[in-house]
file final.txt (compact mmCIF, C-alpha atoms and all ligand atoms)
# COMPACT_ATOMS: atom_id res chain seq x y z
CA MET Y 29 -17.88 -7.44 5.71
CA VAL Y 30 -15.05 -9.67 6.77
CA THR Y 31 -14.49 -13.40 6.12
CA VAL Y 32 -11.77 -15.07 8.18
CA VAL Y 33 -9.86 -18.11 6.90
CA VAL Y 34 -8.11 -20.15 9.52
CA GLY Y 35 -6.15 -23.42 9.67
CA THR Y 36 -7.75 -26.15 11.79
CA GLN Y 37 -4.71 -28.39 12.29
CA TRP Y 38 -0.95 -27.71 12.60
CA GLY Y 39 -0.66 -25.45 9.58
CA ASP Y 40 0.02 -26.50 5.98
CA GLU Y 41 -3.68 -27.23 5.45
CA GLY Y 42 -3.55 -25.62 2.00
CA LYS Y 43 -4.74 -22.16 3.07
CA GLY Y 44 -2.77 -20.52 0.24
CA LYS Y 45 -4.84 -22.23 -2.43
CA VAL Y 46 -8.11 -21.68 -0.54
CA ILE Y 47 -7.41 -17.97 -0.06
CA ASP Y 48 -6.49 -17.53 -3.71
CA TYR Y 49 -9.75 -19.30 -4.64
CA LEU Y 50 -11.97 -17.31 -2.27
CA ALA Y 51 -10.27 -14.05 -3.22
CA GLN Y 52 -12.22 -14.16 -6.49
CA ASP Y 53 -15.15 -12.63 -4.56
CA MET Y 54 -13.13 -10.25 -2.37
CA ASP Y 55 -11.76 -6.72 -2.61
CA ILE Y 56 -9.02 -6.91 0.01
CA VAL Y 57 -6.96 -9.78 1.44
CA ALA Y 58 -5.46 -9.02 4.85
CA ARG Y 59 -2.88 -11.20 6.61
CA TYR Y 60 -3.26 -10.96 10.38
CA GLN Y 61 -0.45 -12.86 12.14
CA GLY Y 62 2.74 -14.88 11.76
CA GLY Y 63 5.80 -13.85 9.83
CA GLY Y 64 8.39 -15.32 7.50
CA ASN Y 65 7.74 -18.71 9.16
CA ALA Y 66 4.55 -19.18 7.12
CA GLY Y 67 4.61 -20.75 3.67
CA HIS Y 68 1.45 -20.38 1.61
CA THR Y 69 1.55 -22.08 -1.77
CA VAL Y 70 -0.51 -21.01 -4.76
CA VAL Y 71 -0.26 -22.69 -8.16
CA ILE Y 72 -1.46 -20.77 -11.21
CA LYS Y 73 -1.03 -22.21 -14.71
CA ASN Y 74 1.52 -24.72 -13.43
CA LYS Y 75 3.62 -21.96 -11.85
CA GLN Y 76 4.13 -22.26 -8.12
CA TYR Y 77 4.29 -19.21 -5.83
CA ILE Y 78 5.25 -19.57 -2.18
CA PHE Y 79 4.23 -16.65 0.03
CA HIS Y 80 5.72 -16.07 3.46
CA LEU Y 81 4.50 -12.52 4.04
CA VAL Y 82 2.68 -11.31 0.95
CA PRO Y 83 -1.02 -12.20 1.27
CA SER Y 84 -2.10 -15.11 -0.93
CA GLY Y 85 -4.62 -12.95 -2.85
CA ILE Y 86 -1.91 -10.96 -4.66
CA LEU Y 87 -2.17 -13.02 -7.88
CA HIS Y 88 -5.56 -11.44 -8.61
CA PRO Y 89 -4.53 -8.32 -10.53
CA ASP Y 90 -6.92 -5.85 -8.87
CA MET Y 91 -6.76 -7.20 -5.35
CA VAL Y 92 -5.56 -4.90 -2.57
CA CYS Y 93 -3.43 -6.85 -0.08
CA VAL Y 94 -2.51 -5.73 3.40
CA ILE Y 95 -0.12 -6.98 6.05
CA GLY Y 96 -1.65 -6.27 9.46
CA ASN Y 97 -0.12 -5.13 12.73
CA GLY Y 98 -0.27 -8.71 14.05
CA VAL Y 99 2.31 -9.83 11.49
CA VAL Y 100 6.04 -9.60 12.09
CA VAL Y 101 7.71 -8.39 8.92
CA ASP Y 102 11.13 -9.49 7.78
CA PRO Y 103 12.04 -6.93 5.09
CA VAL Y 104 14.54 -9.29 3.44
CA SER Y 105 11.94 -12.00 2.98
CA LEU Y 106 9.23 -9.51 1.96
CA PHE Y 107 11.28 -7.88 -0.79
CA GLU Y 108 12.54 -11.24 -2.06
CA GLU Y 109 8.91 -12.23 -2.56
CA ILE Y 110 8.04 -8.94 -4.19
CA GLU Y 111 10.99 -9.27 -6.56
CA TYR Y 112 9.94 -12.80 -7.50
CA LEU Y 113 6.39 -11.60 -8.16
CA GLU Y 114 7.58 -8.71 -10.29
CA LYS Y 115 9.90 -10.97 -12.28
CA ASN Y 116 6.82 -13.06 -13.04
CA GLY Y 117 4.81 -10.09 -14.22
CA VAL Y 118 2.81 -9.52 -11.00
CA SER Y 119 2.97 -5.87 -9.97
CA ILE Y 120 2.30 -4.91 -6.35
CA GLU Y 121 2.47 -1.19 -7.11
CA GLY Y 122 -0.22 0.69 -5.18
CA ARG Y 123 -1.92 -2.46 -3.89
CA LEU Y 124 0.28 -3.91 -1.16
CA PHE Y 125 0.23 -2.09 2.17
CA ILE Y 126 1.82 -2.73 5.56
CA ALA Y 127 0.50 -1.67 8.96
CA GLU Y 128 2.64 1.03 10.52
CA ASN Y 129 2.37 -0.74 13.86
CA ALA Y 130 3.53 -4.16 12.63
CA HIS Y 131 6.90 -5.20 14.07
CA ILE Y 132 10.08 -5.68 12.08
CA THR Y 133 12.25 -8.81 12.12
CA LEU Y 134 15.94 -7.90 12.04
CA PRO Y 135 19.04 -10.10 11.54
CA TYR Y 136 19.54 -10.65 15.28
CA HIS Y 137 16.04 -12.12 15.60
CA LYS Y 138 16.88 -14.83 13.07
CA ILE Y 139 20.23 -15.66 14.67
CA LEU Y 140 18.70 -15.76 18.12
CA ASP Y 141 15.81 -17.95 16.96
CA GLN Y 142 18.25 -20.53 15.65
CA ILE Y 143 20.62 -20.54 18.62
CA GLU Y 144 17.83 -20.48 21.20
CA ASP Y 145 16.18 -23.49 19.63
CA LYS Y 146 19.49 -25.34 19.68
CA PHE Y 147 19.98 -24.38 23.32
CA ARG Y 148 16.62 -25.92 24.19
CA GLY Y 149 18.35 -29.23 23.55
CA LYS Y 150 15.87 -32.06 24.03
CA GLY Y 151 13.10 -29.48 24.37
CA SER Y 152 13.85 -28.02 20.93
CA LEU Y 153 10.66 -26.86 19.17
CA GLY Y 154 12.03 -27.27 15.66
CA THR Y 155 11.23 -23.66 14.81
CA THR Y 156 11.50 -22.48 11.24
CA GLY Y 157 14.46 -20.30 12.28
CA ARG Y 158 12.91 -17.24 10.61
CA GLY Y 159 13.10 -15.03 13.70
CA THR Y 160 9.33 -14.98 14.14
CA GLY Y 161 9.13 -15.99 17.81
CA THR Y 162 12.05 -13.78 18.81
CA THR Y 163 10.46 -10.76 17.09
CA TYR Y 164 7.21 -11.34 18.98
CA ALA Y 165 9.23 -11.76 22.19
CA ASP Y 166 10.77 -8.31 21.67
CA LYS Y 167 7.35 -6.86 20.90
CA PHE Y 168 5.99 -8.10 24.22
CA ASN Y 169 9.19 -7.16 25.99
CA ARG Y 170 8.64 -3.62 24.66
CA ILE Y 171 11.96 -3.47 22.83
CA GLY Y 172 10.56 -4.24 19.39
CA ILE Y 173 10.87 -1.97 16.38
CA ARG Y 174 7.65 -1.14 14.60
CA VAL Y 175 7.45 -0.34 10.89
CA ILE Y 176 6.79 3.31 11.68
CA ASP Y 177 9.93 3.46 13.86
CA PHE Y 178 11.97 1.57 11.30
CA LEU Y 179 11.25 4.28 8.74
CA GLU Y 180 12.31 7.23 10.92
CA GLU Y 181 16.10 7.40 10.88
CA GLU Y 182 16.55 8.90 14.34
CA ILE Y 183 14.02 6.72 16.08
CA PHE Y 184 15.27 3.58 14.34
CA THR Y 185 18.88 4.30 15.38
CA GLU Y 186 17.88 4.94 18.95
CA LYS Y 187 15.72 1.81 19.24
CA LEU Y 188 18.19 -0.38 17.38
CA LYS Y 189 20.94 0.73 19.77
CA ILE Y 190 18.94 -0.34 22.83
CA ALA Y 191 17.80 -3.65 21.35
CA LEU Y 192 21.21 -4.52 19.97
CA GLU Y 193 23.04 -3.79 23.20
CA LEU Y 194 20.95 -6.43 24.89
CA LYS Y 195 21.28 -8.93 22.06
CA ASN Y 196 25.03 -8.44 21.78
CA TYR Y 197 25.35 -9.02 25.47
CA LEU Y 198 23.55 -12.34 25.04
CA PHE Y 199 25.56 -13.25 21.95
CA LYS Y 200 28.90 -12.51 23.61
CA GLU Y 201 28.44 -13.52 27.23
CA TYR Y 202 25.94 -16.31 27.04
CA TYR Y 203 25.85 -17.89 23.62
CA LYS Y 204 29.52 -17.18 22.77
CA GLU Y 205 28.47 -15.99 19.33
CA GLN Y 206 29.71 -13.12 17.19
CA MET Y 207 28.32 -9.71 18.07
CA LEU Y 208 26.47 -7.71 15.42
CA ALA Y 209 27.45 -4.21 14.31
CA MET Y 210 24.72 -1.62 14.44
CA GLU Y 211 26.07 0.27 11.41
CA LYS Y 212 25.95 -2.86 9.31
CA ILE Y 213 22.29 -3.52 10.15
CA TYR Y 214 21.51 0.14 9.55
CA GLU Y 215 23.19 0.18 6.13
CA GLU Y 216 21.84 -3.21 5.03
CA THR Y 217 18.28 -2.21 5.80
CA ARG Y 218 18.50 1.22 4.12
CA LYS Y 219 17.19 0.01 0.77
CA TYR Y 220 14.21 -1.68 2.41
CA ARG Y 221 13.31 1.45 4.36
CA GLU Y 222 13.27 3.46 1.15
CA LYS Y 223 11.06 0.94 -0.63
CA MET Y 224 8.73 0.44 2.32
CA LYS Y 225 7.90 4.11 2.82
CA LYS Y 226 5.19 4.22 0.18
CA MET Y 227 3.61 0.97 1.39
CA VAL Y 228 2.85 2.01 4.94
CA LYS Y 229 -0.69 2.70 6.17
CA ASN Y 230 -2.86 2.86 9.24
CA ILE Y 231 -4.41 -0.49 8.33
CA ALA Y 232 -7.01 -0.53 11.13
CA LEU Y 233 -8.40 2.78 9.91
CA TYR Y 234 -8.17 1.75 6.26
CA LEU Y 235 -10.06 -1.50 6.83
CA ASP Y 236 -12.69 0.24 8.89
CA ARG Y 237 -13.34 2.77 6.12
CA GLU Y 238 -13.30 0.19 3.34
CA THR Y 239 -15.69 -2.16 5.14
CA GLU Y 240 -18.03 0.78 5.82
CA LYS Y 241 -18.07 1.36 2.07
CA GLY Y 242 -19.17 -2.27 1.61
CA LYS Y 243 -15.82 -3.70 0.50
CA GLN Y 244 -15.34 -7.43 1.09
CA VAL Y 245 -12.29 -8.32 3.17
CA LEU Y 246 -10.74 -11.75 3.55
CA ALA Y 247 -8.62 -12.07 6.70
CA GLU Y 248 -5.86 -14.58 6.08
CA GLY Y 249 -4.59 -16.64 8.99
CA ALA Y 250 -1.21 -18.34 8.95
CA GLN Y 251 -0.21 -21.63 10.63
CA GLY Y 252 -3.10 -23.46 12.31
CA THR Y 253 -5.22 -23.71 15.45
CA PHE Y 254 -2.90 -26.18 17.21
CA LEU Y 255 0.10 -23.90 16.73
CA ASP Y 256 -1.77 -21.10 18.53
CA ILE Y 257 0.24 -19.68 21.42
CA ASP Y 258 -2.71 -20.07 23.84
CA PHE Y 259 -4.71 -23.02 22.53
CA GLY Y 260 -2.08 -25.04 20.66
CA THR Y 261 0.04 -27.89 21.94
CA TYR Y 262 2.16 -25.59 24.12
CA PRO Y 263 5.15 -25.25 24.16
CA TYR Y 264 5.27 -26.80 20.67
CA VAL Y 265 3.51 -23.87 19.09
CA THR Y 266 4.25 -20.71 17.20
CA ALA Y 267 4.34 -17.32 18.89
CA SER Y 268 1.05 -15.76 17.79
CA ASN Y 269 -2.72 -16.21 18.00
CA THR Y 270 -3.44 -18.20 14.90
CA ILE Y 271 -7.14 -18.66 15.74
CA ALA Y 272 -9.89 -16.51 14.24
CA GLY Y 273 -9.82 -14.14 17.23
CA GLY Y 274 -6.31 -13.17 16.11
CA ALA Y 275 -7.87 -11.44 13.08
CA CYS Y 276 -9.34 -8.77 15.36
CA THR Y 277 -6.15 -7.97 17.25
CA GLY Y 278 -3.93 -8.53 14.22
CA LEU Y 279 -5.81 -6.12 11.96
CA GLY Y 280 -7.39 -3.73 14.44
CA LEU Y 281 -10.77 -5.05 13.42
CA SER Y 282 -13.92 -5.05 15.51
CA PRO Y 283 -15.34 -8.56 16.11
CA LYS Y 284 -18.67 -7.10 14.95
CA LYS Y 285 -17.30 -6.84 11.41
CA ILE Y 286 -16.67 -10.57 11.03
CA SER Y 287 -19.55 -12.19 9.19
CA ARG Y 288 -18.12 -15.56 8.18
CA ILE Y 289 -15.39 -17.83 9.49
CA ILE Y 290 -14.05 -20.63 7.31
CA GLY Y 291 -11.76 -23.38 8.52
CA VAL Y 292 -9.36 -25.23 6.25
CA ALA Y 293 -8.72 -28.89 7.07
CA LYS Y 294 -6.50 -31.30 5.20
CA ALA Y 295 -8.12 -34.72 4.53
CA TYR Y 296 -5.43 -36.20 6.81
CA THR Y 297 -3.08 -34.57 9.33
CA THR Y 298 0.47 -33.27 9.06
CA ARG Y 299 2.84 -31.51 11.39
CA VAL Y 300 6.30 -29.96 10.92
CA GLY Y 301 8.68 -29.60 13.83
CA MET Y 302 8.46 -31.16 17.27
CA GLY Y 303 5.51 -31.85 19.52
CA PRO Y 304 2.85 -34.47 20.21
CA PHE Y 305 0.80 -35.86 17.32
CA PRO Y 306 -1.55 -38.66 18.48
CA THR Y 307 -2.69 -39.89 15.03
CA GLU Y 308 0.83 -39.87 13.56
CA LEU Y 309 1.76 -42.72 11.24
CA LYS Y 310 5.22 -44.22 11.11
CA GLY Y 311 7.17 -46.15 8.49
CA GLN Y 312 5.85 -46.93 5.04
CA GLU Y 313 2.30 -45.67 5.64
CA ALA Y 314 3.62 -42.24 6.59
CA GLU Y 315 6.07 -42.28 3.70
CA ASN Y 316 3.28 -43.06 1.23
CA LEU Y 317 1.22 -40.06 2.37
CA ARG Y 318 4.30 -37.83 2.37
CA THR Y 319 5.26 -38.80 -1.15
CA THR Y 320 1.76 -38.67 -2.65
CA GLY Y 321 0.91 -35.43 -0.84
CA ASN Y 322 4.34 -33.88 -1.44
CA GLU Y 323 4.46 -33.18 2.28
CA TYR Y 324 7.60 -31.10 2.61
CA GLY Y 325 7.64 -27.74 4.42
CA ALA Y 326 7.09 -24.77 2.09
CA THR Y 327 9.42 -22.61 4.22
CA THR Y 328 12.13 -25.01 5.34
CA GLY Y 329 11.77 -28.00 3.00
CA ARG Y 330 11.63 -30.32 6.03
CA PRO Y 331 9.64 -33.56 5.59
CA ARG Y 332 6.26 -33.20 7.27
CA ARG Y 333 5.12 -35.80 9.76
CA CYS Y 334 1.94 -37.46 8.45
CA GLY Y 335 -1.01 -39.16 10.10
CA TRP Y 336 -4.75 -39.88 10.03
CA PHE Y 337 -7.44 -37.21 10.25
CA ASP Y 338 -7.94 -36.26 13.90
CA ALA Y 339 -11.59 -35.35 14.36
CA ILE Y 340 -11.12 -34.47 18.05
CA LEU Y 341 -8.71 -31.72 17.08
CA VAL Y 342 -10.80 -30.39 14.22
CA LYS Y 343 -13.93 -30.43 16.41
CA PHE Y 344 -12.12 -28.21 18.91
CA ALA Y 345 -10.94 -25.97 16.06
CA CYS Y 346 -14.56 -25.63 14.88
CA ARG Y 347 -15.56 -24.44 18.33
CA VAL Y 348 -12.67 -22.15 19.29
CA ASN Y 349 -12.79 -20.45 15.89
CA GLY Y 350 -16.59 -20.46 15.65
CA LEU Y 351 -16.45 -22.00 12.18
CA ASP Y 352 -19.41 -21.59 9.85
CA GLU Y 353 -17.98 -24.04 7.37
CA LEU Y 354 -14.98 -26.18 6.54
CA ILE Y 355 -13.05 -26.53 3.31
CA MET Y 356 -11.34 -29.89 2.96
CA THR Y 357 -8.09 -30.02 1.01
CA LYS Y 358 -5.98 -32.77 -0.55
CA LEU Y 359 -8.72 -35.40 -0.64
CA ASP Y 360 -7.09 -36.72 -3.84
CA VAL Y 361 -4.02 -37.79 -1.82
CA LEU Y 362 -6.07 -40.50 -0.10
CA SER Y 363 -7.02 -42.26 -3.36
CA GLY Y 364 -5.75 -45.82 -3.47
CA LEU Y 365 -5.92 -46.52 0.28
CA ARG Y 366 -7.88 -49.65 1.12
CA ARG Y 367 -9.07 -48.38 4.52
CA ILE Y 368 -8.96 -44.87 5.97
CA LYS Y 369 -8.99 -44.06 9.67
CA ILE Y 370 -10.47 -41.11 11.56
CA GLY Y 371 -9.36 -40.44 15.15
CA THR Y 372 -12.50 -39.96 17.27
CA ALA Y 373 -11.39 -40.24 20.93
CA TYR Y 374 -8.28 -40.34 23.09
CA ASN Y 375 -7.67 -42.75 25.97
CA PHE Y 376 -5.29 -41.93 28.75
CA GLU Y 377 -4.87 -43.95 31.97
CA GLY Y 378 -8.37 -45.38 31.77
CA THR Y 379 -10.13 -42.13 30.92
CA VAL Y 380 -11.74 -41.50 27.54
CA TYR Y 381 -11.37 -37.99 26.14
CA ASN Y 382 -13.87 -36.93 23.50
CA GLU Y 383 -12.57 -33.36 23.62
CA TYR Y 384 -9.09 -31.96 23.01
CA PRO Y 385 -7.24 -31.96 26.34
CA LEU Y 386 -5.12 -28.88 27.05
CA ASN Y 387 -3.02 -31.03 29.37
CA THR Y 388 0.14 -31.82 27.38
CA LYS Y 389 0.75 -34.96 29.47
CA VAL Y 390 -2.58 -36.43 28.38
CA PHE Y 391 -2.20 -35.31 24.77
CA THR Y 392 1.32 -36.73 24.55
CA GLY Y 393 0.61 -40.06 26.22
CA CYS Y 394 -2.84 -40.93 24.88
CA ASP Y 395 -3.91 -43.78 22.57
CA VAL Y 396 -6.39 -43.00 19.86
CA THR Y 397 -9.72 -44.69 19.13
CA TYR Y 398 -10.33 -44.80 15.39
CA GLU Y 399 -13.33 -45.28 13.18
CA GLU Y 400 -12.52 -46.85 9.83
CA VAL Y 401 -14.10 -46.37 6.46
CA ASP Y 402 -13.44 -48.07 3.13
CA GLY Y 403 -11.21 -46.23 0.70
CA TRP Y 404 -11.53 -45.70 -3.07
CA ASP Y 405 -9.21 -46.40 -5.97
CA GLU Y 406 -10.17 -43.75 -8.50
CA ASN Y 407 -7.99 -40.75 -9.24
CA ILE Y 408 -10.33 -37.88 -8.30
CA GLY Y 409 -8.18 -34.92 -9.43
CA GLY Y 410 -10.34 -34.37 -12.52
CA ILE Y 411 -13.73 -34.43 -10.73
CA ARG Y 412 -15.58 -31.10 -10.45
CA ARG Y 413 -18.97 -32.19 -9.08
CA TYR Y 414 -19.64 -33.59 -5.63
CA SER Y 415 -22.08 -36.13 -7.01
CA GLU Y 416 -19.32 -37.61 -9.20
CA LEU Y 417 -16.98 -38.40 -6.31
CA PRO Y 418 -16.64 -42.11 -5.46
CA LEU Y 419 -19.26 -43.21 -2.92
CA ASN Y 420 -16.62 -44.00 -0.28
CA ALA Y 421 -15.03 -40.56 -0.67
CA LYS Y 422 -18.46 -38.99 -0.01
CA ARG Y 423 -18.95 -41.32 2.96
CA TYR Y 424 -15.58 -40.21 4.36
CA ILE Y 425 -16.49 -36.52 4.00
CA GLU Y 426 -19.92 -37.03 5.53
CA LYS Y 427 -18.51 -39.04 8.43
CA ILE Y 428 -16.15 -36.17 9.24
CA GLU Y 429 -18.96 -33.61 8.96
CA GLN Y 430 -21.08 -35.61 11.42
CA THR Y 431 -18.21 -35.93 13.87
CA VAL Y 432 -17.08 -32.31 13.88
CA GLU Y 433 -20.62 -30.95 13.45
CA VAL Y 434 -19.71 -28.33 10.84
CA PRO Y 435 -20.56 -28.61 7.12
CA ILE Y 436 -17.81 -29.19 4.57
CA THR Y 437 -18.72 -26.82 1.75
CA LYS Y 438 -15.81 -27.24 -0.62
CA ILE Y 439 -13.34 -29.97 -1.39
CA SER Y 440 -9.99 -29.43 -3.03
CA VAL Y 441 -8.69 -32.28 -5.19
CA GLY Y 442 -5.50 -30.73 -6.55
CA SER Y 443 -3.36 -27.63 -6.38
CA SER Y 444 -4.92 -25.55 -9.17
CA ARG Y 445 -7.89 -23.17 -8.70
CA GLU Y 446 -10.09 -25.31 -10.94
CA GLN Y 447 -9.56 -28.44 -8.85
CA THR Y 448 -12.15 -27.32 -6.34
CA ILE Y 449 -15.54 -28.97 -5.81
CA SER Y 450 -18.51 -27.14 -4.23
CA LYS Y 451 -20.73 -29.36 -2.17
P1 LIG Q 1 8.22 -20.83 14.64
O1 LIG Q 1 6.86 -20.33 14.28
O2 LIG Q 1 9.22 -20.67 13.53
O3 LIG Q 1 8.69 -20.27 15.94
O4 LIG Q 1 8.11 -22.41 14.86
C1 LIG Q 1 7.35 -23.00 15.94
C2 LIG Q 1 6.64 -24.26 15.46
O5 LIG Q 1 5.63 -23.90 14.52
C3 LIG Q 1 7.54 -25.25 14.73
O6 LIG Q 1 7.10 -26.55 15.04
C4 LIG Q 1 7.31 -24.96 13.25
O7 LIG Q 1 7.57 -26.06 12.43
C5 LIG Q 1 5.83 -24.61 13.29
N1 LIG Q 1 5.43 -23.72 12.20
C6 LIG Q 1 5.64 -22.39 12.10
N2 LIG Q 1 5.11 -21.90 10.97
C7 LIG Q 1 4.53 -22.93 10.35
C8 LIG Q 1 3.76 -23.03 9.13
O8 LIG Q 1 3.51 -22.08 8.41
N3 LIG Q 1 3.32 -24.29 8.84
C9 LIG Q 1 3.54 -25.37 9.65
N4 LIG Q 1 4.24 -25.31 10.79
C10 LIG Q 1 4.72 -24.10 11.14
call {"tool": "encode", "arguments": {"input": "final.txt", "output": "structure tokens", "more": "lines below"}}
Ligand code: IMP
result
Amino acid sequence: MVTVVVGTQWGDEGKGKVIDYLAQDMDIVARYQGGGNAGHTVVIKNKQYIFHLVPSGILHPDMVCVIGNGVVVDPVSLFEEIEYLEKNGVSIEGRLFIAENAHITLPYHKILDQIEDKFRGKGSLGTTGRGTGTTYADKFNRIGIRVIDFLEEEIFTEKLKIALELKNYLFKEYYKEQMLAMEKIYEETRKYREKMKKMVKNIALYLDRETEKGKQVLAEGAQGTFLDIDFGTYPYVTASNTIAGGACTGLGLSPKKISRIIGVAKAYTTRVGMGPFPTELKGQEAENLRTTGNEYGATTGRPRRCGWFDAILVKFACRVNGLDELIMTKLDVLSGLRRIKIGTAYNFEGTVYNEYPLNTKVFTGCDVTYEEVDGWDENIGGIRRYSELPLNAKRYIEKIEQTVEVPITKISVGSSREQTISK
């Protein structure tokens, strides 16, 4: 059956490592949304791999990996990743497939993403500039180009002509930018079309058949719950459904096939880009977390904003995703702090909010009520048993479990596969 892995914060929870770890018991890893904006990091034998589009299970030699219809695929980014993998002795031959109905990100999507975000001025979202949102916009505007269309010369030319006419109009008349030549895009993408042909599949059908045979599928979410287009901190969100429900629409999977939903939560909170962040720390405290946790965006290299664990957010994530369990990452980063805070309620204009408010005004303007616990000094990166963790680290974990009402089943204390503790 299918296990879904989803981020419970603003992305960058460490899903790459968790997926690589869980993939040990899986047959197929299937990415269901997002695009080149995602950055999933996996470290094997001190070598770091950053995946934007290739599912994070690919480092297991026999794993089949699929990119679902809910993903937007930038061929340049995809083949860069494949080339890097192959250079490092990881072959994708016959085990990486792409849904024929996934949409393609083309050069104009990336340009438009960057200029649109600049044009938002003060309302800039701080997008990753990878053309993800603009590709989804074209999909919903019914002028997108699907993988299957991209591969058929005549259809691709016809669709590209229509889409480009509109984009060039915007570039020239509105944004005063250079127009793009259709022939150039056509020629530059030729090599990708050739390579992609043998990777294309009807993924919904494939997954249905494989699950019927008893194969174990791990559905890999990108970003996190609060970047979800519907339930995130709109408009400071990404352009897809990052929540567990997105696995059904993004893979063509029946909800009946999902047997387990796992949330990944960092032991503190981070956010990249703009938008409200109630438990955000400023100054030296933030800098300390950023440095110890190496909190820099895997896709853009931007410094991540850092703050305390927000239990109100994670509690909502547990509910909207229907989490069976949580995996906590980067607990080791908190070693050495004298006191650690957990956000447990928001206060706005005299009202106490124990639940995540969808009203951006409340979420932006609220103060946070914290509960504090004592920290621990020990370096915990070498610990492999729950019982061996410092007492205060266990208290911290158990306090969070009680607040969000979902069990924490695994704790990650470092970037390698081995640095994972089962509780
Ligand atoms: P976009 O997805 O590039 O349109 O960016 C929209 C917002 O989502 C920005 O604040 C980005 O920083 C954020 N974002 C997108 N992808 C990720 C991710 O993988 N991790 C963390 N933040 C992300």
call {"tool": "residues_near_ligand", "arguments": {"input": "final.txt", "ligand": "ligand LIG 1 (chain Q)", "cutoff": "9 Å", "atoms": "only C-alpha atoms and all ligand atoms", "output": "NGL selection string"}}
result
:Y and (38-41 or 62-68 or 80 or 141 or 145 or 153-162 or 250-252 or 255-256 or 263-268 or 298-303 or 325-328 or 330 or 332)
call {"tool": "closest_atom_pairs", "arguments": {"input": "final.txt", "of": "segment 122-157 of chain Y", "to": "segment 205-218 of chain Y", "cutoff": "9 Å", "atoms": "only C-alpha atoms", "output": "Markdown table"}}
result
| residue | atom | partner | partner_atom | distance |
| --- | --- | --- | --- | --- |
| Y:Leu134 | CA | Y:Ile213 | CA | 7.9 |
| Y:Pro135 | CA | Y:Ile213 | CA | 7.5 |
| Y:Tyr136 | CA | Y:Leu208 | CA | 7.5 |
call {"tool": "atom_distance", "arguments": {"input": "final.txt", "atom1": "atom CA of Pro304 of chain Y", "atom2": "atom CA of Lys138 of chain Y"}}
result
25.2 Å
call {"tool": "atom_distance", "arguments": {"input": "final.txt", "atom1": "atom CA of Glu114 of chain Y", "atom2": "atom CA of Lys226 of chain Y"}}
result
16.8 Å
call {"tool": "residues_around", "arguments": {"input": "final.txt", "residues": "Pro83 of chain Y", "least_positions_apart": "6", "cutoff": "8 Å", "atoms": "all atoms listed in the file", "output": "list in words"}}
result
Val57, Ala58, Arg59, Cys93, Val94, Ile95 and Glu248 of chain Y
call {"tool": "atom_distance", "arguments": {"input": "final.txt", "atom1": "atom CA of Glu181 of chain Y", "atom2": "atom CA of Leu113 of chain Y"}}
result
28.6 Å
call {"tool": "residues_around", "arguments": {"input": "final.txt", "residues": "Glu109 of chain Y", "least_positions_apart": "4", "cutoff": "10 Å", "atoms": "all atoms listed in the file", "output": "list in words"}}
result
Tyr77, Ile78, Phe79, His80, Leu81, Val82, Pro103, Val104, Ser105, Leu113, Glu114 and Lys115 of chain Y
call {"tool": "residues_around", "arguments": {"input": "final.txt", "residues": "Pro283 of chain Y", "least_positions_apart": "6", "cutoff": "9 Å", "atoms": "only C-alpha atoms", "output": "PyMOL selection string"}}
result
chain Y and resi 273+275-276
call {"tool": "residues_near_point", "arguments": {"input": "final.txt", "point": "(-7.7, -13.7, 19.2)", "cutoff": "12 Å", "atoms": "only C-alpha atoms", "output": "count of residues only"}}
result
30
call {"tool": "residues_around", "arguments": {"input": "final.txt", "residues": "segment 228-239 of chain Y", "least_positions_apart": "4", "cutoff": "6 Å", "atoms": "all atoms listed in the file", "output": "MDAnalysis selection string"}}
result
chainID Y and resid 29 125:128 243 279:280
call {"tool": "write_last_selection", "arguments": {"input": "final.txt", "atoms": "C-alpha atoms", "output": "compact mmCIF listing (two decimals), in the coordinates of the input"}}
result
# COMPACT_ATOMS: atom_id res chain seq x y z
CA MET Y 29 -17.88 -7.44 5.71
CA PHE Y 125 0.23 -2.09 2.17
CA ILE Y 126 1.82 -2.73 5.56
CA ALA Y 127 0.50 -1.67 8.96
CA GLU Y 128 2.64 1.03 10.52
CA LYS Y 243 -15.82 -3.70 0.50
CA LEU Y 279 -5.81 -6.12 11.96
CA GLY Y 280 -7.39 -3.73 14.44
call {"tool": "residues_around", "arguments": {"input": "final.txt", "residues": "Asn129 of chain Y", "least_positions_apart": "2", "cutoff": "8 Å", "atoms": "all atoms listed in the file", "output": "PyMOL selection string"}}
result
chain Y and resi 97+127+131+174-176+230
call {"tool": "closest_residue", "arguments": {"input": "final.txt", "among": "Y:Asn74, Y:Asn116, Y:Gln52, Y:Ser415", "to": "Asp90 of chain Y", "atoms": "all atoms listed in the file"}}
result
Y:Gln52
call {"tool": "axis_aligned_box", "arguments": {"input": "final.txt", "around": "segment 309-314 of chain Y", "padding_each_side": "4 Å", "output": "JSON"}}
result
{"center_x": 4.5, "center_y": -44.6, "center_z": 8.1, "size_x": 13.4, "size_y": 12.7, "size_z": 14.2}
call {"tool": "closest_residue", "arguments": {"input": "final.txt", "among": "Y:Ile449, Y:Lys150, Y:Thr31, Y:Gly410", "to": "Lys284 of chain Y", "atoms": "only C-alpha atoms"}}
result
Y:Thr31
call {"tool": "closest_residue", "arguments": {"input": "final.txt", "among": "Y:His88, Y:Lys343, Y:Lys73, Y:Arg333", "to": "Glu429 of chain Y", "atoms": "only C-alpha atoms"}}
result
Y:Lys343
call {"tool": "closest_residue", "arguments": {"input": "final.txt", "among": "Y:Ile143, Y:Gly329, Y:Ala247, Y:Phe199", "to": "Asp48 of chain Y", "atoms": "only C-alpha atoms"}}
result
Y:Ala247
